[in-house]
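The next block is run23.csv, given as CSV, C-alpha atoms.
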```csv
chain,number,residue,atom,x,y,z
A,16,MET,CA,-14.0,-25.3,-7.7
A,17,THR,CA,-11.7,-23.0,-5.7
A,18,ARG,CA,-10.5,-19.7,-7.1
A,19,ILE,CA,-8.7,-16.5,-5.9
A,20,ALA,CA,-10.0,-13.0,-6.4
A,21,LEU,CA,-7.6,-10.1,-7.1
A,22,ILE,CA,-9.3,-7.0,-5.8
A,23,ALA,CA,-7.3,-4.1,-7.3
A,24,GLY,CA,-6.7,-0.5,-6.4
A,25,LYS,CA,-4.4,2.0,-8.0
A,26,GLY,CA,-0.8,1.5,-9.0
A,27,ARG,CA,1.4,-1.2,-10.5
A,28,LEU,CA,0.9,-3.9,-7.9
A,29,PRO,CA,-2.4,-5.3,-9.2
A,30,GLN,CA,-0.8,-5.8,-12.6
A,31,VAL,CA,2.2,-7.5,-11.1
A,32,LEU,CA,0.0,-9.9,-9.1
A,33,ALA,CA,-2.4,-10.6,-12.0
A,34,ALA,CA,0.6,-11.5,-14.2
A,35,ARG,CA,2.0,-13.8,-11.6
A,36,LEU,CA,-1.3,-15.6,-10.9
A,37,GLN,CA,-1.8,-16.1,-14.6
A,38,ALA,CA,1.8,-17.3,-15.2
A,39,THR,CA,1.3,-20.0,-12.6
A,40,GLY,CA,-1.8,-21.3,-14.4
A,41,GLN,CA,-4.5,-19.7,-12.2
A,42,THR,CA,-7.5,-17.8,-13.5
A,43,PRO,CA,-8.1,-15.2,-10.9
A,44,LEU,CA,-11.4,-13.3,-10.7
A,45,LEU,CA,-10.3,-9.7,-11.3
A,46,ALA,CA,-12.3,-7.0,-9.5
A,47,GLU,CA,-12.1,-3.2,-9.1
A,48,MET,CA,-14.1,-0.7,-7.2
A,49,GLU,CA,-15.7,1.8,-9.5
A,50,GLY,CA,-13.5,4.9,-9.8
A,51,PHE,CA,-10.2,3.0,-9.1
A,52,GLU,CA,-9.8,1.3,-12.4
A,53,THR,CA,-6.2,-0.1,-13.0
A,54,LEU,CA,-6.3,-3.5,-14.6
A,55,ALA,CA,-5.9,-3.5,-18.4
A,56,ALA,CA,-8.3,-5.6,-20.6
A,57,ALA,CA,-5.3,-7.8,-21.4
A,58,HIS,CA,-5.5,-9.4,-18.0
A,59,GLY,CA,-9.1,-10.6,-18.7
A,60,PRO,CA,-12.6,-9.5,-17.8
A,61,VAL,CA,-12.9,-7.3,-14.7
A,62,GLU,CA,-15.8,-7.2,-12.3
A,63,ARG,CA,-16.5,-3.7,-11.1
A,64,PHE,CA,-18.4,-3.1,-7.8
A,65,ARG,CA,-19.5,-0.4,-5.5
A,66,LEU,CA,-19.4,-0.3,-1.7
A,67,GLU,CA,-23.1,0.5,-1.7
A,68,ARG,CA,-23.7,-3.0,-3.2
A,69,LEU,CA,-21.2,-4.9,-1.2
A,70,VAL,CA,-23.3,-7.9,-0.4
A,71,PRO,CA,-24.2,-8.7,-4.1
A,72,PHE,CA,-20.5,-8.5,-4.8
A,73,LEU,CA,-19.6,-10.9,-2.0
A,74,ASP,CA,-22.4,-13.2,-3.2
A,75,LEU,CA,-20.9,-13.0,-6.7
A,76,LEU,CA,-17.4,-14.0,-5.4
A,77,GLN,CA,-19.0,-17.0,-3.5
A,78,ASP,CA,-21.0,-18.1,-6.6
A,79,GLN,CA,-17.8,-18.0,-8.7
A,80,GLY,CA,-16.1,-20.4,-6.3
A,81,VAL,CA,-13.8,-17.8,-4.7
A,82,THR,CA,-12.2,-19.0,-1.5
A,83,ARG,CA,-9.3,-16.6,-1.3
A,84,ALA,CA,-8.8,-13.0,-2.1
A,85,VAL,CA,-5.8,-10.7,-2.4
A,86,PHE,CA,-6.0,-6.9,-2.1
A,87,ALA,CA,-3.5,-4.9,-4.1
A,88,GLY,CA,-3.1,-1.2,-4.7
A,89,ALA,CA,-4.3,2.0,-3.1
A,90,VAL,CA,-8.0,2.8,-2.6
A,91,HIS,CA,-9.3,5.8,-0.8
A,92,ARG,CA,-12.6,5.8,1.0
A,93,PRO,CA,-15.4,6.4,-1.6
A,94,ARG,CA,-18.2,8.8,-1.2
A,95,LEU,CA,-21.4,6.8,-0.6
A,96,ASP,CA,-24.5,7.3,-2.7
A,97,PRO,CA,-27.5,6.3,-0.4
A,98,SER,CA,-29.8,5.9,-3.4
A,99,LEU,CA,-27.6,2.9,-4.6
A,100,ILE,CA,-27.6,0.9,-1.4
A,101,ASP,CA,-29.4,-2.4,-1.8
A,102,PRO,CA,-31.5,-3.9,1.0
A,103,ALA,CA,-28.9,-6.6,2.0
A,104,THR,CA,-26.0,-4.2,2.2
A,105,VAL,CA,-28.0,-1.7,4.2
A,106,GLN,CA,-28.0,-4.2,7.0
A,107,LEU,CA,-24.2,-4.0,7.1
A,108,LEU,CA,-24.0,-0.2,7.0
A,109,PRO,CA,-23.8,0.3,10.8
A,110,ARG,CA,-20.8,-2.1,10.9
A,111,ILE,CA,-19.1,-0.5,7.9
A,112,MET,CA,-19.6,3.1,9.1
A,113,ALA,CA,-18.4,2.2,12.6
A,114,ALA,CA,-15.3,0.6,11.2
A,115,MET,CA,-14.6,3.7,9.0
A,116,GLN,CA,-14.8,5.9,12.0
A,117,GLN,CA,-11.9,3.9,13.5
A,118,GLY,CA,-9.6,4.9,10.6
A,119,ASP,CA,-8.0,2.9,7.9
A,120,ASP,CA,-6.9,0.0,10.2
A,121,GLY,CA,-10.4,-0.5,11.6
A,122,THR,CA,-11.9,-0.4,8.1
A,123,LEU,CA,-9.4,-3.0,6.8
A,124,ARG,CA,-10.0,-5.3,9.8
A,125,GLU,CA,-13.8,-5.1,9.1
A,126,VAL,CA,-13.2,-5.9,5.4
A,127,ILE,CA,-11.2,-9.0,6.4
A,128,ALA,CA,-13.9,-10.1,8.8
A,129,LEU,CA,-16.7,-9.7,6.2
A,130,MET,CA,-14.7,-11.7,3.7
A,131,GLY,CA,-14.4,-14.5,6.3
A,132,GLU,CA,-18.1,-14.5,6.9
A,133,TRP,CA,-18.5,-15.4,3.2
A,134,GLY,CA,-16.0,-18.1,3.4
A,135,ILE,CA,-13.2,-16.1,1.7
A,136,GLU,CA,-9.7,-16.0,3.2
A,137,VAL,CA,-7.7,-12.8,2.7
A,138,VAL,CA,-4.1,-13.6,1.7
A,139,ALA,CA,-1.2,-11.2,1.4
A,140,ALA,CA,0.4,-10.0,-1.8
A,141,GLN,CA,3.7,-11.3,-0.6
A,142,GLU,CA,2.3,-14.8,-0.5
A,143,ILE,CA,1.7,-14.5,-4.2
A,144,CYS,CA,5.0,-12.9,-4.9
A,145,PRO,CA,7.5,-13.5,-2.1
A,146,GLU,CA,10.2,-11.5,-3.9
A,147,LEU,CA,8.2,-8.3,-3.3
A,148,LEU,CA,9.9,-8.3,0.2
A,149,ALA,CA,13.6,-7.6,0.7
A,150,GLU,CA,16.0,-9.4,2.9
A,151,PRO,CA,17.6,-7.0,5.5
A,152,GLY,CA,20.6,-5.1,4.2
A,153,VAL,CA,21.6,-2.3,1.8
A,154,LEU,CA,20.5,-3.2,-1.7
A,155,THR,CA,22.4,-0.5,-3.6
A,156,ASP,CA,25.9,0.7,-4.4
A,157,ALA,CA,25.4,3.8,-2.3
A,158,GLN,CA,25.6,3.2,1.4
A,159,PRO,CA,24.1,5.0,4.3
A,160,LYS,CA,26.5,7.1,6.4
A,161,ALA,CA,26.6,7.5,10.1
A,162,GLN,CA,24.2,10.5,10.0
A,163,ASP,CA,21.8,8.6,7.7
A,164,LYS,CA,21.7,5.7,10.2
A,165,GLN,CA,20.9,8.1,13.0
A,166,ASP,CA,18.2,9.7,10.9
A,167,ALA,CA,16.7,6.4,10.0
A,168,THR,CA,16.5,5.3,13.6
A,169,ARG,CA,14.8,8.6,14.5
A,170,GLY,CA,12.5,8.2,11.6
A,171,PHE,CA,11.3,4.7,12.6
A,172,GLY,CA,10.6,6.1,16.1
A,173,ILE,CA,8.4,8.8,14.6
A,174,LEU,CA,6.6,6.2,12.4
A,175,GLN,CA,5.7,4.2,15.6
A,176,VAL,CA,4.0,7.3,17.0
A,177,MET,CA,2.3,8.0,13.7
A,178,GLY,CA,1.1,4.4,13.4
A,179,ALA,CA,-0.4,4.5,16.8
A,180,ALA,CA,-2.4,7.5,15.7
A,181,ASP,CA,-3.3,5.8,12.4
A,182,VAL,CA,-1.8,8.8,10.5
A,183,GLY,CA,0.6,7.4,7.8
A,184,GLN,CA,3.4,5.1,6.9
A,185,GLY,CA,6.2,7.5,5.9
A,186,CYS,CA,8.3,10.4,7.1
A,187,VAL,CA,11.5,12.3,6.2
A,188,VAL,CA,14.3,13.0,8.7
A,189,ALA,CA,17.5,15.0,8.1
A,190,ARG,CA,20.1,15.6,10.8
A,191,GLY,CA,17.7,14.5,13.5
A,192,GLN,CA,14.9,16.9,12.4
A,193,CYS,CA,11.6,15.7,11.0
A,194,LEU,CA,11.1,17.5,7.6
A,195,ALA,CA,7.8,15.9,6.5
A,196,LEU,CA,5.1,13.5,7.6
A,197,GLU,CA,3.0,11.4,5.2
A,198,ALA,CA,-0.7,11.9,5.6
A,199,LEU,CA,-3.8,11.2,3.5
A,200,PRO,CA,-2.4,12.8,0.2
A,201,GLY,CA,0.3,10.2,0.2
A,202,THR,CA,4.1,9.8,-0.4
A,203,ASP,CA,4.2,11.5,-3.8
A,204,VAL,CA,2.6,14.7,-2.5
A,205,MET,CA,4.8,14.7,0.6
A,206,LEU,CA,8.1,14.3,-1.4
A,207,ALA,CA,7.0,16.8,-4.1
A,208,HIS,CA,6.2,19.4,-1.5
A,209,LEU,CA,9.7,18.9,0.0
A,210,ALA,CA,11.3,19.3,-3.4
A,211,ASP,CA,9.3,22.5,-3.9
A,212,LEU,CA,10.5,23.9,-0.6
A,213,ARG,CA,14.1,23.3,-1.5
A,214,ALA,CA,13.6,24.8,-5.0
A,215,GLN,CA,12.2,27.9,-3.4
A,216,GLY,CA,15.3,28.3,-1.3
A,217,VAL,CA,13.7,27.4,2.0
A,218,GLU,CA,16.6,26.6,4.4
A,219,LEU,CA,16.4,22.9,5.3
A,220,PRO,CA,19.1,20.5,6.7
A,221,ALA,CA,21.1,19.0,3.8
A,222,GLY,CA,20.4,15.4,2.8
A,223,GLY,CA,18.0,13.3,4.8
A,224,VAL,CA,16.3,9.9,4.7
A,225,PHE,CA,12.8,8.9,3.6
A,226,CYS,CA,11.6,6.2,6.1
A,227,LYS,CA,8.8,3.8,5.3
A,228,ALA,CA,7.1,1.1,7.4
A,229,PRO,CA,3.7,-0.4,8.0
A,230,LYS,CA,1.8,0.8,11.1
A,231,HIS,CA,2.7,-0.9,14.3
A,232,GLY,CA,0.3,-3.9,14.8
A,233,GLN,CA,-1.1,-3.6,11.3
A,234,ASP,CA,-2.5,-6.7,9.7
A,235,ARG,CA,0.1,-7.4,7.0
A,236,ARG,CA,-2.3,-9.2,4.7
A,237,ILE,CA,-3.6,-6.0,3.4
A,238,ASP,CA,-2.5,-2.4,2.6
A,239,LEU,CA,1.3,-2.8,3.1
A,240,PRO,CA,3.2,0.2,1.9
A,241,ALA,CA,5.1,0.0,-1.4
A,242,LEU,CA,8.1,1.5,-3.1
A,243,GLY,CA,9.0,1.7,-6.7
A,244,PRO,CA,11.1,3.5,-9.3
A,245,ASP,CA,9.0,6.6,-9.1
A,246,THR,CA,9.6,6.8,-5.4
A,247,VAL,CA,13.4,6.7,-6.0
A,248,SER,CA,13.1,9.6,-8.5
A,249,ALA,CA,11.0,11.6,-6.1
A,250,VAL,CA,13.4,11.0,-3.2
A,251,HIS,CA,16.3,12.3,-5.4
A,252,ARG,CA,14.3,15.4,-6.5
A,253,ALA,CA,13.6,16.1,-2.8
A,254,GLY,CA,17.4,16.2,-2.2
A,255,LEU,CA,17.4,13.2,0.1
A,256,ARG,CA,20.2,10.7,0.3
A,257,GLY,CA,18.2,7.5,0.5
A,258,ILE,CA,15.3,5.3,1.6
A,259,ALA,CA,15.2,3.2,4.8
A,260,PHE,CA,12.3,0.8,5.0
A,261,ASP,CA,11.0,-2.2,7.0
A,262,ALA,CA,12.5,-5.3,5.3
A,263,GLY,CA,9.5,-7.4,6.2
A,264,GLY,CA,6.8,-4.9,5.7
A,265,VAL,CA,7.3,-2.8,2.5
A,266,LEU,CA,6.7,-4.2,-1.0
A,267,LEU,CA,9.2,-3.4,-3.7
A,268,ILE,CA,7.5,-3.0,-7.1
A,269,ASP,CA,9.6,-3.5,-10.2
A,270,ARG,CA,12.6,-4.1,-8.1
A,271,ASP,CA,15.2,-4.5,-10.8
A,272,GLN,CA,14.2,-1.1,-12.4
A,273,MET,CA,14.1,0.4,-8.9
A,274,LEU,CA,17.6,-0.7,-8.1
A,275,ALA,CA,19.0,0.5,-11.4
A,276,GLN,CA,17.3,3.9,-10.9
A,277,ALA,CA,18.8,4.1,-7.4
A,278,ASN,CA,22.3,3.2,-8.5
A,279,ALA,CA,22.1,5.7,-11.4
A,280,LEU,CA,21.0,8.5,-9.0
A,281,GLY,CA,23.3,7.6,-6.1
A,282,VAL,CA,20.3,7.0,-3.8
A,283,PHE,CA,20.7,4.2,-1.2
A,284,LEU,CA,18.0,1.6,-0.4
A,285,TRP,CA,18.3,0.1,3.0
A,286,ALA,CA,16.0,-2.7,4.1
A,287,MET,CA,16.1,-2.5,7.9
A,288,ASP,CA,15.0,-4.8,10.7
A,289,ALA,CA,12.4,-2.3,12.0
A,290,PRO,CA,12.3,-2.0,15.8
```

Could you render the structure from this file as structure tokens?
Amino acid sequence: MTRIALIAGKGRLPQVLAARLQATGQTPLLAEMEGFETLAAAHGPVERFRLERLVPFLDLLQDQGVTRAVFAGAVHRPRLDPSLIDPATVQLLPRIMAAMQQGDDGTLREVIALMGEWGIEVVAAQEICPELLAEPGVLTDAQPKAQDKQDATRGFGILQVMGAADVGQGCVVARGQCLALEALPGTDVMLAHLADLRAQGVELPAGGVFCKAPKHGQDRRIDLPALGPDTVSAVHRAGLRGIAFDAGGVLLIDRDQMLAQANALGVFLWAMDAP
């Protein structure tokens, strides 16, 4: 027996993947880390686990015939409770802690390596749903203007520097000036803060582009950035003209709704061939 495990974090992506897997006749093992519950009971029973008991969880996957796993949704590093660590997992703690000290990329690489040691291949969300990725081009009625294109190019240059520092996957540029950088609080907080600044009358360059791309050299099987209808609304509230994103590295959630929202608000969506 072979089976795929869907390991879910926050957001809509886990539900999209669960529905697709079930629609294609598969019965995925659904799992969530405690504190990051997303999947509804309608998708089936859900195994919940803690990082402190990682080895028993990996053993469970193996016992259930899992040979592949897909990670979906946002998960922040949990606070560890030493009293809950089992004897087998404690042997892995030095590796896990060392990986976490290397940032998100180091942590994710270690997760993929550990899965492999249990005979489980990590596959990308876009392998399950290829339509999550966009072909290069402008997807909306609204089109980027010359200034928007210059801002997008500058934004992608900034993202390369941010990625090398393992900082974030998004930034905002308007008329060549960087207005905001995405850090640990995430995209929603960054865009909301920018909207607040404009509402308070802070003098900022008009317009601007929200740029989104995975970190340079990132393993694209896990933790790709995602955009959805809520992102479009947040970009509009922040007074920006549009979103420029890496065509091969950003997942579009609920694409039809996202495009309808963008067209209604006059926000452009530009899938770029990132440098």

Handout entry: Residue nearest Leu21 of chain A among A:Pro151, A:Pro145, A:Gly263, A:Pro43 (counting only C-alpha atoms)
Key =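 The closest residue to Leu21 of chain A is A:Pro43.
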
Problem - Spatial neighbours of Trp285 of chain A, max dist 6 Å, all atoms listed in the file, sep filter under 3 positions, as a ChimeraX atom specification - result: /A:152-153,259

Problem - Non-local contacts of Val138 of chain A (8 Å; all atoms listed in the file; under 2 positions in same chain excluded) as a ChimeraX atom specification - result: /A:83-86,136,140,142,236-237

Handout entry: From A:Glu125, A:Glu197, A:Asp234, A:Glu218, residue lying nearest Pro109 of chain A [only C-alpha atoms]
Key = A:Glu125

Practice task
Please provide as a list in words all residues within 10 Å of Arg256 of chain A, with the sequence filter that same-chain residues fewer than 6 positions apart are discarded (counting only C-alpha atoms).
Solution key: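 So, after excluding close chain neighbours, the residues are Ala157, Gln158, Pro159, Lys160, Asp163, Ala189, Ala221, Gly222, Gly223, Val224, Phe225, Val250, Leu280, Gly281, Val282, Phe283 and Leu284 of chain A.
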
Exercise for the section: Taking (11.9, -3.4, 9.9) in the file's own coordinates, collect the residues within 7 Å, counting only C-alpha atoms, and hand them back as number ranges by chain. Expected result: A: 260-264, 287-290

Problem - Interatomic distance, atom CA of Gly191 of chain A to atom CA of Ile173 of chain A (Å, one decimal) - result: 11.0 Å

Mind giving me the axis-aligned box for segment 206-218 of chain A with 5 Å on every side, centre plus edges in Å to one decimal, as AutoDock Vina command-line options?
```
--center_x 11.4 --center_y 21.3 --center_z -0.3 --size_x 20.4 --size_y 24.0 --size_z 19.4
```

Problem - Among the residues A:Gln184, A:Thr82, A:Thr155, A:Thr39, the one that comes closest to Ile19 of chain A [using only C-alpha atoms] - result: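 Going through A:Gln184, A:Thr82, A:Thr155, A:Thr39 one by one, the smallest distance to Ile19 of chain A is for A:Thr82.
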
Problem - Long-range neighbours of Gln41 of chain A as a list in words, 9 Å cut-off, all atoms listed in the file, 3 positions minimum in chain - result: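 Once the adjacent positions are removed, what remains is Arg18, Ile19, Arg35, Leu36, Gln37 and Ala38 of chain A.
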
Exercise for the section: Would you mind listing what lies within 9 Å of Val126 of chain A as a PyMOL selection string, with all atoms listed in the file counted and same-chain residues fewer than 4 positions away left out? Expected result: chain A and resi 111+114+121-122+130-131

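When only C-alpha atoms are used to compute distances to Lys230 of chain A, the closest of the residues A:Val217, A:Asp181, A:Leu266, A:Val187 turns out to be A:Asp181.
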
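Here atom CA of Gln175 of chain A and atom CA of Cys193 of chain A stand 13.7 Å from one another.
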
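Atom CA of Met273 of chain A is positioned 8.4 Å from atom CA of Leu242 of chain A.
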
Handout entry: Proximity to Leu69 of chain A - best of A:Thr53, A:Thr42, A:Gln106, A:Thr246, only C-alpha atoms
Key =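 Nearest candidate to Leu69 of chain A out of A:Thr53, A:Thr42, A:Gln106, A:Thr246: A:Gln106.
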
Exercise for the section: Find, counting only C-alpha atoms, the residue in A:Ala113, A:Ala241, A:Leu255, A:Ala46 that gets nearest to Ile268 of chain A. Expected result: A:Ala241

Practice task
Name the residues within 12 Å of (-16.4, 6.4, -1.4), counting all atoms listed in the file in the file's coordinates, and put them as number ranges by chain.
Solution key: A: 48-51, 64-67, 90-97, 111-112, 115
